[in-house]
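Data file: protein-v4.cif. Format and content: mmCIF, C-alpha atoms.
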```
data_target
#
loop_
_atom_site.label_atom_id
_atom_site.label_comp_id
_atom_site.auth_asym_id
_atom_site.auth_seq_id
_atom_site.Cartn_x
_atom_site.Cartn_y
_atom_site.Cartn_z
CA MET A 1 73.92 73.30 290.28
CA LYS A 2 70.39 73.72 291.64
CA ALA A 3 67.46 74.63 289.41
CA GLU A 4 66.90 77.76 291.50
CA GLU A 5 70.23 79.15 290.28
CA PHE A 6 69.18 78.94 286.64
CA ALA A 7 65.75 80.40 287.46
CA ARG A 8 67.39 83.36 289.20
CA ARG A 9 69.46 84.08 286.10
CA ARG A 10 66.43 83.92 283.82
CA HIS A 11 64.48 86.30 286.03
CA GLN A 12 67.40 88.72 286.11
CA LEU A 13 67.68 88.67 282.32
CA MET A 14 63.93 89.13 281.82
CA LYS A 15 63.98 92.24 284.00
CA MET A 16 66.61 93.67 281.67
CA ILE A 17 64.85 92.84 278.40
CA GLY A 18 61.53 94.24 279.64
CA LYS A 19 57.92 93.24 279.07
CA ASP A 20 58.03 94.32 275.40
CA GLY A 21 61.04 92.10 274.64
CA ILE A 22 61.51 88.42 273.94
CA ALA A 23 64.75 86.42 274.08
CA ILE A 24 65.47 83.41 271.88
CA LEU A 25 68.44 81.07 272.38
CA PRO A 26 69.19 77.86 270.46
CA ALA A 27 71.11 74.93 271.90
CA ALA A 28 74.44 74.01 270.35
CA PRO A 29 74.14 71.73 267.33
CA VAL A 30 75.68 68.27 267.21
CA LYS A 31 79.03 68.34 265.37
CA HIS A 32 80.67 65.51 263.48
CA ARG A 33 84.32 64.66 263.93
CA ASN A 34 84.66 62.48 260.86
CA GLY A 35 82.31 60.23 258.91
CA ASP A 36 79.36 59.46 261.16
CA VAL A 37 81.36 59.90 264.38
CA GLU A 38 80.22 62.79 266.55
CA TYR A 39 82.26 64.93 268.90
CA ALA A 40 81.27 64.59 272.54
CA TYR A 41 78.32 66.95 272.90
CA ARG A 42 78.97 70.21 274.70
CA GLN A 43 76.08 72.60 275.28
CA ASP A 44 76.25 76.23 274.12
CA SER A 45 77.60 78.25 277.05
CA ASP A 46 74.88 80.92 277.04
CA PHE A 47 72.16 78.29 276.69
CA HIS A 48 73.62 76.34 279.61
CA PHE A 49 73.94 79.47 281.73
CA LEU A 50 70.20 80.13 281.47
CA THR A 51 68.74 76.63 281.33
CA GLY A 52 71.11 73.90 282.53
CA PHE A 53 69.47 71.81 279.79
CA PRO A 54 72.09 69.41 278.35
CA GLU A 55 70.48 68.26 275.10
CA PRO A 56 70.84 69.39 271.47
CA GLU A 57 67.90 70.29 269.23
CA ALA A 58 66.39 72.68 271.72
CA VAL A 59 65.38 76.35 271.79
CA ALA A 60 64.81 78.42 274.93
CA VAL A 61 62.43 81.39 274.82
CA LEU A 62 62.07 84.00 277.56
CA SER A 63 58.83 85.96 277.23
CA PRO A 64 58.39 88.31 280.21
CA GLN A 65 54.88 88.49 281.68
CA ARG A 66 53.47 85.81 279.39
CA PRO A 67 50.38 84.62 281.31
CA GLN A 68 50.92 80.92 280.51
CA GLY A 69 54.54 81.01 281.66
CA GLU A 70 57.59 83.12 280.90
CA TYR A 71 60.13 80.37 280.19
CA ILE A 72 59.30 78.18 277.21
CA LEU A 73 61.51 75.31 276.09
CA PHE A 74 61.23 73.59 272.72
CA CYS A 75 62.95 70.22 272.82
CA ARG A 76 62.97 66.72 271.35
CA ASP A 77 60.10 64.31 272.01
CA ARG A 78 60.67 61.15 273.96
CA ASP A 79 61.48 58.45 271.43
CA PRO A 80 62.09 54.90 272.72
CA THR A 81 63.83 53.82 269.52
CA ARG A 82 66.29 56.73 269.44
CA GLU A 83 66.79 56.56 273.20
CA LEU A 84 67.80 52.91 272.80
CA TRP A 85 70.64 54.05 270.53
CA ASP A 86 71.55 57.50 271.86
CA GLY A 87 70.41 57.70 275.48
CA LYS A 88 67.50 59.09 277.45
CA ARG A 89 65.77 62.32 276.47
CA ALA A 90 64.02 64.68 278.84
CA GLY A 91 61.02 65.27 276.60
CA GLN A 92 58.48 67.96 277.36
CA ASP A 93 57.59 66.53 280.78
CA GLY A 94 61.23 66.43 281.83
CA ALA A 95 61.80 69.96 280.54
CA VAL A 96 59.14 71.17 283.00
CA GLU A 97 59.72 68.83 285.93
CA ASP A 98 63.51 68.59 285.88
CA PHE A 99 64.68 71.79 284.19
CA GLY A 100 62.17 74.39 285.38
CA ALA A 101 60.42 75.28 282.12
CA ASP A 102 57.01 76.89 282.58
CA ASP A 103 55.87 75.42 279.28
CA ALA A 104 57.45 72.97 276.84
CA PHE A 105 56.69 71.98 273.27
CA PRO A 106 58.15 69.55 270.70
CA MET A 107 60.75 71.02 268.36
CA GLY A 108 58.54 70.00 265.46
CA ASP A 109 55.95 72.55 266.56
CA ILE A 110 58.28 75.55 266.74
CA ASP A 111 57.35 77.04 263.36
CA GLU A 112 53.71 77.03 264.38
CA ILE A 113 54.08 78.31 267.95
CA LEU A 114 57.02 80.72 267.99
CA PRO A 115 55.55 83.34 265.62
CA GLY A 116 52.66 83.67 268.06
CA LEU A 117 55.11 84.32 270.89
CA LEU A 118 56.82 87.01 268.79
CA GLU A 119 53.59 88.79 267.93
CA SER A 120 53.07 92.05 269.85
CA ARG A 121 56.68 92.07 271.10
CA ALA A 122 58.66 95.17 270.15
CA ARG A 123 62.20 93.75 270.43
CA VAL A 124 63.80 90.39 269.78
CA PHE A 125 66.92 89.67 271.85
CA HIS A 126 69.05 87.18 269.98
CA THR A 127 72.74 86.51 269.34
CA MET A 128 73.19 86.84 265.60
CA GLY A 129 76.01 85.12 263.77
CA LEU A 130 76.72 82.28 266.18
CA HIS A 131 74.32 79.82 264.54
CA PRO A 132 73.65 81.25 261.03
CA GLU A 133 71.06 78.65 260.03
CA PHE A 134 68.98 79.40 263.11
CA ASP A 135 69.38 83.15 262.49
CA GLN A 136 67.58 82.67 259.18
CA ARG A 137 64.70 80.95 260.93
CA VAL A 138 64.32 83.81 263.41
CA ILE A 139 64.38 86.37 260.60
CA GLY A 140 61.85 84.28 258.70
CA TRP A 141 59.44 84.23 261.64
CA VAL A 142 59.66 88.00 262.05
CA ASN A 143 59.30 88.67 258.33
CA GLY A 144 56.30 86.38 258.21
CA LEU A 145 54.60 88.51 260.86
CA ARG A 146 55.53 91.72 259.07
CA ALA A 147 53.96 90.41 255.88
CA GLN A 148 50.69 90.06 257.74
CA SER A 149 50.72 93.55 259.23
CA LYS A 150 47.91 94.63 256.92
CA HIS A 151 45.73 92.10 258.70
CA GLY A 152 46.39 93.81 262.01
CA LEU A 153 49.20 91.57 263.25
CA HIS A 154 52.00 93.32 265.13
CA SER A 155 55.62 92.31 264.71
CA PRO A 156 58.92 93.12 266.42
CA GLN A 157 60.57 96.24 265.03
CA GLU A 158 64.04 95.77 266.49
CA PHE A 159 66.68 93.09 266.93
CA VAL A 160 68.89 93.55 270.00
CA ALA A 161 72.18 91.74 270.69
CA LEU A 162 71.41 89.35 273.54
CA ASP A 163 75.06 88.61 274.19
CA HIS A 164 75.73 92.18 275.38
CA LEU A 165 73.39 91.70 278.36
CA LEU A 166 74.03 88.04 278.94
CA HIS A 167 77.80 88.21 278.85
CA ASP A 168 77.88 91.00 281.38
CA MET A 169 75.76 88.81 283.66
CA ARG A 170 78.16 85.91 283.19
CA LEU A 171 81.14 88.06 284.19
CA TYR A 172 79.90 88.25 287.80
CA LYS A 173 79.95 84.81 289.38
CA SER A 174 77.46 83.85 292.08
CA ARG A 175 78.33 81.85 295.19
CA ALA A 176 77.09 78.71 293.46
CA GLU A 177 79.32 79.38 290.48
CA ILE A 178 82.38 80.08 292.62
CA SER A 179 81.71 76.83 294.48
CA THR A 180 81.56 74.90 291.21
CA MET A 181 84.72 76.60 289.95
CA ARG A 182 86.46 75.75 293.20
CA ARG A 183 85.60 72.10 292.60
CA SER A 184 86.89 72.34 289.02
CA ALA A 185 90.10 73.88 290.39
CA SER A 186 90.55 71.15 293.00
CA ILE A 187 90.26 68.43 290.33
CA ALA A 188 92.81 70.24 288.17
CA VAL A 189 95.17 70.61 291.15
CA ALA A 190 94.99 66.86 291.79
CA ALA A 191 95.65 66.20 288.10
CA HIS A 192 98.76 68.40 288.09
CA ARG A 193 100.05 66.64 291.21
CA ARG A 194 99.57 63.32 289.46
CA ALA A 195 101.44 64.64 286.42
CA MET A 196 104.33 65.86 288.58
CA ARG A 197 104.63 62.45 290.20
CA ARG A 198 104.81 60.80 286.78
CA THR A 199 107.49 63.17 285.46
CA ALA A 200 111.00 61.73 285.15
CA PRO A 201 113.76 61.49 282.54
CA GLY A 202 112.77 59.12 279.75
CA VAL A 203 109.02 59.55 280.18
CA MET A 204 107.12 60.76 277.11
CA GLU A 205 105.17 64.02 277.14
CA TYR A 206 102.01 62.14 276.20
CA GLU A 207 102.41 59.86 279.22
CA VAL A 208 102.27 62.90 281.47
CA ALA A 209 99.22 64.15 279.54
CA ALA A 210 97.55 60.78 280.14
CA GLU A 211 97.88 61.26 283.90
CA LEU A 212 96.03 64.57 283.64
CA LEU A 213 93.20 63.03 281.64
CA HIS A 214 92.93 60.09 284.04
CA GLU A 215 92.36 62.41 286.98
CA PHE A 216 89.89 64.57 285.07
CA HIS A 217 87.76 61.68 283.89
CA SER A 218 87.93 59.92 287.26
CA ASN A 219 86.11 62.94 288.68
CA ARG A 220 83.46 63.32 285.93
CA ALA A 221 85.34 66.24 284.43
CA GLY A 222 86.44 66.83 280.86
CA ILE A 223 89.12 69.01 279.35
CA THR A 224 88.74 72.73 278.80
CA TYR A 225 91.38 72.49 276.05
CA GLU A 226 93.93 69.93 274.93
CA PRO A 227 96.68 69.84 277.58
CA ILE A 228 100.01 71.44 276.74
CA VAL A 229 102.88 69.26 277.95
CA GLY A 230 106.12 70.77 276.71
CA GLY A 231 109.53 69.54 277.79
CA GLY A 232 112.70 71.56 277.25
CA ALA A 233 112.50 73.99 274.33
CA ASN A 234 108.93 72.86 273.59
CA ALA A 235 107.91 75.05 276.53
CA CYS A 236 108.85 78.07 274.42
CA ILE A 237 105.99 77.25 272.02
CA LEU A 238 103.00 78.93 273.64
CA HIS A 239 100.37 76.64 272.15
CA TYR A 240 102.46 73.49 271.85
CA ARG A 241 100.21 70.59 270.81
CA GLU A 242 102.26 67.56 269.81
CA ASN A 243 103.00 66.25 273.33
CA ALA A 244 105.19 63.63 271.65
CA ALA A 245 108.78 64.20 272.82
CA VAL A 246 110.80 62.36 275.42
CA LEU A 247 111.53 64.23 278.66
CA ARG A 248 115.24 64.75 279.12
CA ASP A 249 117.33 64.90 282.27
CA GLY A 250 118.22 68.52 283.03
CA ASP A 251 115.23 70.04 281.17
CA LEU A 252 112.17 71.76 282.52
CA LEU A 253 108.61 70.62 281.81
CA LEU A 254 105.79 73.13 281.29
CA VAL A 255 102.28 71.72 281.81
CA ASP A 256 99.27 73.89 280.97
CA ALA A 257 96.03 72.02 281.62
CA GLY A 258 92.60 72.62 283.10
CA CYS A 259 89.39 70.70 283.40
CA GLU A 260 85.72 71.45 282.88
CA TYR A 261 83.42 70.41 285.71
CA GLU A 262 79.68 70.91 285.24
CA CYS A 263 80.59 73.24 282.34
CA TYR A 264 82.88 75.45 284.50
CA ALA A 265 86.55 75.73 283.63
CA SER A 266 89.81 75.71 285.54
CA ASP A 267 93.14 76.67 283.99
CA ILE A 268 96.54 75.94 285.57
CA THR A 269 100.14 76.07 284.38
CA ARG A 270 103.14 74.81 286.28
CA THR A 271 106.78 74.49 285.22
CA TYR A 272 109.16 72.16 287.04
CA PRO A 273 112.40 70.23 286.53
CA VAL A 274 112.15 66.82 284.89
CA ASN A 275 114.71 65.37 287.30
CA GLY A 276 113.24 67.12 290.34
CA ARG A 277 115.99 69.74 290.77
CA PHE A 278 116.22 73.21 289.25
CA SER A 279 119.59 74.18 287.82
CA ALA A 280 120.87 77.61 288.88
CA PRO A 281 119.85 79.31 285.58
CA GLN A 282 116.44 77.61 285.61
CA ARG A 283 115.79 78.70 289.19
CA ALA A 284 116.89 82.26 288.41
CA VAL A 285 114.39 82.61 285.57
CA TYR A 286 111.69 80.78 287.52
CA GLU A 287 111.98 83.14 290.48
CA VAL A 288 111.51 86.15 288.19
CA VAL A 289 108.27 84.67 286.82
CA LEU A 290 107.07 83.71 290.30
CA GLU A 291 107.73 87.21 291.62
CA ALA A 292 105.78 88.62 288.66
CA GLN A 293 102.86 86.33 289.40
CA ARG A 294 102.83 87.27 293.07
CA ALA A 295 102.82 90.95 292.15
CA ALA A 296 100.00 90.43 289.66
CA ILE A 297 97.86 88.45 292.11
CA ALA A 298 98.35 91.16 294.74
CA ALA A 299 96.87 93.64 292.24
CA CYS A 300 93.69 91.55 291.85
CA VAL A 301 91.59 93.65 294.22
CA PRO A 302 88.37 95.65 293.83
CA GLY A 303 88.95 99.16 292.52
CA ASN A 304 91.96 98.25 290.43
CA HIS A 305 91.31 98.00 286.72
CA TRP A 306 91.81 94.99 284.46
CA ASN A 307 95.26 96.06 283.31
CA ASP A 308 96.74 96.59 286.79
CA PRO A 309 97.75 92.92 287.31
CA HIS A 310 99.39 92.90 283.88
CA ASP A 311 101.25 96.14 284.59
CA ALA A 312 102.48 94.70 287.89
CA ALA A 313 103.74 91.57 286.14
CA VAL A 314 105.45 93.59 283.41
CA ARG A 315 107.30 95.70 285.99
CA ALA A 316 108.54 92.63 287.86
CA ILE A 317 109.53 90.74 284.72
CA THR A 318 111.33 93.72 283.18
CA GLN A 319 113.29 94.29 286.38
CA GLY A 320 114.09 90.58 286.50
CA LEU A 321 115.17 90.46 282.85
CA VAL A 322 117.62 93.27 283.52
CA GLY A 323 118.99 91.31 286.47
CA LEU A 324 119.39 88.22 284.29
CA GLY A 325 121.21 90.18 281.61
CA LEU A 326 118.50 89.58 279.01
CA LEU A 327 117.71 93.29 278.86
CA LYS A 328 119.94 96.31 279.32
CA GLY A 329 118.81 99.77 280.36
CA LYS A 330 116.44 101.43 282.76
CA PRO A 331 113.28 99.38 283.44
CA ALA A 332 110.91 102.34 282.95
CA LYS A 333 112.32 103.04 279.49
CA LEU A 334 112.36 99.34 278.59
CA ILE A 335 108.69 99.04 279.58
CA LYS A 336 107.78 102.13 277.56
CA ASP A 337 109.57 100.69 274.52
CA GLY A 338 108.00 97.23 275.00
CA ALA A 339 111.43 95.59 275.12
CA TYR A 340 110.15 92.91 277.52
CA ARG A 341 107.91 91.52 274.75
CA ASP A 342 110.85 89.65 273.24
CA TRP A 343 110.64 87.34 276.26
CA PHE A 344 107.09 87.89 277.61
CA MET A 345 104.81 88.29 274.61
CA HIS A 346 101.32 87.60 275.94
CA ARG A 347 98.86 89.15 278.37
CA THR A 348 98.95 88.16 282.03
CA GLY A 349 95.47 86.64 282.11
CA HIS A 350 91.90 86.35 280.88
CA TRP A 351 88.40 86.00 282.30
CA LEU A 352 87.48 82.48 283.42
CA GLY A 353 84.07 80.84 283.82
CA ILE A 354 81.86 78.64 281.67
CA ASP A 355 84.40 79.23 278.89
CA VAL A 356 88.10 78.99 279.61
CA HIS A 357 88.51 82.33 277.82
CA ASP A 358 85.29 83.58 279.29
CA VAL A 359 83.01 86.32 278.05
CA GLY A 360 82.97 89.88 279.39
CA ASP A 361 84.36 93.14 278.12
CA TYR A 362 87.91 94.04 279.13
CA LYS A 363 87.20 97.68 278.46
CA VAL A 364 84.15 99.86 279.07
CA GLY A 365 84.36 102.57 276.47
CA ASP A 366 88.02 103.50 276.25
CA ALA A 367 88.81 102.65 279.89
CA TRP A 368 89.97 99.34 281.30
CA ARG A 369 87.25 97.60 283.27
CA VAL A 370 87.34 98.01 287.04
CA LEU A 371 87.77 94.76 288.98
CA GLU A 372 84.78 93.89 291.18
CA PRO A 373 83.86 91.03 293.54
CA GLY A 374 82.56 87.99 291.66
CA MET A 375 84.92 88.30 288.71
CA VAL A 376 87.32 85.40 288.12
CA LEU A 377 90.49 85.63 286.05
CA THR A 378 93.70 83.77 285.39
CA VAL A 379 97.10 85.18 286.31
CA GLU A 380 99.82 83.68 284.10
CA PRO A 381 103.06 85.56 283.46
CA GLY A 382 105.88 83.81 281.67
CA ILE A 383 109.35 84.08 280.19
CA TYR A 384 110.30 82.20 277.00
CA ILE A 385 113.89 82.04 275.76
CA ALA A 386 114.01 80.05 272.54
CA PRO A 387 117.12 77.93 271.82
CA GLY A 388 118.28 80.29 269.06
CA ALA A 389 117.37 83.51 270.86
CA ARG A 390 119.77 86.29 269.95
CA GLY A 391 121.27 88.21 272.83
CA ALA A 392 120.43 85.54 275.40
CA PRO A 393 123.23 84.11 277.52
CA LYS A 394 123.79 80.47 276.58
CA GLU A 395 122.76 79.11 279.96
CA TYR A 396 119.21 80.53 279.56
CA ARG A 397 118.53 79.34 276.02
CA GLY A 398 115.74 76.77 275.70
CA ILE A 399 114.10 77.77 278.99
CA GLY A 400 110.37 78.41 278.88
CA ILE A 401 108.49 79.09 282.12
CA ARG A 402 104.86 79.99 282.82
CA ILE A 403 103.03 79.93 286.15
CA GLU A 404 99.25 80.21 286.07
CA ASP A 405 96.56 80.25 288.74
CA ASP A 406 92.83 81.05 288.88
CA VAL A 407 91.89 84.05 291.03
CA ALA A 408 88.48 85.20 292.24
CA ILE A 409 88.06 88.87 293.11
CA THR A 410 86.60 89.29 296.60
CA ARG A 411 85.97 92.21 298.93
CA ALA A 412 88.98 91.02 300.94
CA ALA A 413 92.18 89.43 299.63
CA PRO A 414 92.39 87.72 296.24
CA ASP A 415 91.00 84.17 296.44
CA VAL A 416 93.43 81.88 294.60
CA LEU A 417 91.19 78.94 293.70
CA THR A 418 94.16 76.84 292.58
CA GLY A 419 96.44 77.88 295.43
CA ASP A 420 96.79 74.35 296.84
CA LEU A 421 99.18 73.41 294.04
CA VAL A 422 102.84 74.04 294.89
CA ARG A 423 104.63 76.80 293.01
CA ASP A 424 107.52 77.83 295.28
CA PRO A 425 110.69 76.26 293.79
CA ASP A 426 111.80 74.70 297.07
CA ALA A 427 108.31 73.25 297.60
CA ILE A 428 108.33 71.84 294.07
CA GLU A 429 111.65 70.11 294.67
CA ARG A 430 110.37 68.67 297.97
CA PHE A 431 107.18 67.46 296.31
CA MET A 432 108.99 65.80 293.44
CA GLY A 433 111.57 64.31 295.75
CA ALA A 434 108.95 62.87 298.08
CA GLY A 435 106.53 61.84 295.31
CA ALA A 436 103.62 62.99 297.45
CA ALA A 437 101.63 66.14 298.22
#
```
Now that the file is in, can you turn its structure into structure tokens?
Amino acid sequence: MKAEEFARRRHQLMKMIGKDGIAILPAAPVKHRNGDVEYAYRQDSDFHFLTGFPEPEAVAVLSPQRPQGEYILFCRDRDPTRELWDGKRAGQDGAVEDFGADDAFPMGDIDEILPGLLESRARVFHTMGLHPEFDQRVIGWVNGLRAQSKHGLHSPQEFVALDHLLHDMRLYKSRAEISTMRRSASIAVAAHRRAMRRTAPGVMEYEVAAELLHEFHSNRAGITYEPIVGGGANACILHYRENAAVLRDGDLLLVDAGCEYECYASDITRTYPVNGRFSAPQRAVYEVVLEAQRAAIAACVPGNHWNDPHDAAVRAITQGLVGLGLLKGKPAKLIKDGAYRDWFMHRTGHWLGIDVHDVGDYKVGDAWRVLEPGMVLTVEPGIYIAPGARGAPKEYRGIGIRIEDDVAITRAAPDVLTGDLVRDPDAIERFMGAGAA
């Protein structure tokens, strides 16, 4: 993503915080997996959104109308010895030249310089609670200024939650963001196709997961979450993690996997027959879920509110469950009583962006948020009939089905970013029979 995109976001945020405010954001800390082994570094999402700077041990400061430059970045010094072991660092010159900082200083100087930036500012915009150790440093800088008030030094009088402003900004994706998310979606689509081609009786769930990871990493993408690869009744476990069972002839396979490309997530679920052919009961349940997803996607238009796609999916699933004999009664009454939740127990989607469960309020006050162009969400209805489910006809027991796509709200029709991946049951059978797209 171009530097101009990050600069535009910073300017937009600085207009909102005003000339009397200052915003402070720390980079994500390095985290250890075990012993001295680190997790792969992933930048804090808010920090990335405003800076694009990929390194730890950094602090971004936005100081509107500061004469020497509004965007200040504290970061690590260049260090040939550490760079030999850990890789190249941007240093202060790189922070300015490559990442658009107006001014850059070593992290070791932050205690000396930052209090001077805080002086005479009325409000500090900061996300408290995310990095508690850094919170204490910010409070310490402000309290240090307050202690010197008798000497004529001014200090901020108010802390303001930065995430309230920033997360609302992140909810509305720019053209550049949609383009990046489209690329993330296309990689995930290719990965799911690869997984479908690998699926067959006798294959292990983890072998299918390996195909997903191969495609992600071959395209410089990582995972947004550990893939869910659940064969047979494992598909009825919503957050199935083991991925260790053998795929059996006659079962379905549910694959929920997305990738992260340039820090932007995709999120796809497909369910298909291990042997390439749906049984009659499997197809019957699948078509109910597919109809629910189509109805929900059709409701993803400006002017509808957040809950409209979910309501559309619930209506379709409840009607379908009655048709399957899993529910009895009038659909309107069943919906009112929440009877469908025995088989469809989760929401129909979530915001999508830099985080797979992206930021942004779902309600404004007591009202559901109105859908607007630029928002991106998942649409993922499902039906889950556990093997021991009471009241379920025997032929449906052990069937778990979810279908998930990523949808961008536009002024015209919903833009299904992941729409190139087959989901019609006949198309799935053709794909698996041909072994090609």
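Between CA of Phe216 in chain A and CA of Gly400 in chain A there is a distance of 25.5 Å.
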Can you pull out the residues contacting range 20-35 of chain A? Cut-off 6 Å, using only C-alpha atoms, and skip same-chain residues under 2 positions away; I want them as an mmCIF file with C-alpha atoms, in the frame of the given file.
```
data_model
loop_
_atom_site.group_PDB
_atom_site.id
_atom_site.type_symbol
_atom_site.label_atom_id
_atom_site.label_comp_id
_atom_site.auth_asym_id
_atom_site.auth_seq_id
_atom_site.Cartn_x
_atom_site.Cartn_y
_atom_site.Cartn_z
ATOM 1 C CA ILE A 17 64.850 92.840 278.400
ATOM 2 C CA GLY A 18 61.530 94.240 279.640
ATOM 3 C CA VAL A 37 81.360 59.900 264.380
ATOM 4 C CA GLU A 38 80.220 62.790 266.550
ATOM 5 C CA TYR A 39 82.260 64.930 268.900
ATOM 6 C CA GLN A 43 76.080 72.600 275.280
ATOM 7 C CA ASP A 44 76.250 76.230 274.120
ATOM 8 C CA PHE A 47 72.160 78.290 276.690
ATOM 9 C CA PRO A 56 70.840 69.390 271.470
ATOM 10 C CA ALA A 58 66.390 72.680 271.720
ATOM 11 C CA VAL A 59 65.380 76.350 271.790
ATOM 12 C CA ALA A 60 64.810 78.420 274.930
ATOM 13 C CA VAL A 61 62.430 81.390 274.820
ATOM 14 C CA LEU A 62 62.070 84.000 277.560
ATOM 15 C CA SER A 63 58.830 85.960 277.230
ATOM 16 C CA ARG A 121 56.680 92.070 271.100
ATOM 17 C CA ALA A 122 58.660 95.170 270.150
ATOM 18 C CA ARG A 123 62.200 93.750 270.430
ATOM 19 C CA VAL A 124 63.800 90.390 269.780
ATOM 20 C CA PHE A 125 66.920 89.670 271.850
ATOM 21 C CA HIS A 126 69.050 87.180 269.980
#
```
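For the residues A:Ala332, A:Val246, A:Cys259, A:Leu252, ranking by smallest atom-to-atom distance to Ala233 in chain A using only C-alpha atoms places A:Leu252 first.
Considering the residues A:Ile113, A:Ala191, A:Val288, A:Leu421 and counting only C-alpha atoms, Leu321 in chain A has its shortest atom-to-atom contact with A:Val288.
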Might you spell out which residues the PyMOL selection byres ((chain A and resi 315) around 10) would select in the displayed file, as a list of chain:residue names? A:Ala292, A:Ala295, A:Ala296, A:His310, A:Asp311, A:Ala312, A:Ala313, A:Val314, A:Ala316, A:Ile317, A:Thr318, A:Gln319, A:Gly320, A:Leu321, A:Pro331, A:Ala332, A:Leu334, A:Ile335, A:Tyr340
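Using the PyMOL selection byres ((chain A and resi 172) around 6) on this structure selects Met169, Arg170, Leu171, Lys173, Gly374 and Met375 of chain A.
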Given the file shown, determine the residues that the PyMOL selection byres ((chain A and resi 73) around 7) selects; report them as a list in words. Val59, Ala60, Val61, Tyr71, Ile72, Phe74, Cys75, Ala95, Ala101, Asp103, Ala104 and Phe105 of chain A
Point-to-point distance from CA of Ile409 in chain A to CA of Val289 in chain A, Å rounded to tenths: 21.6 Å
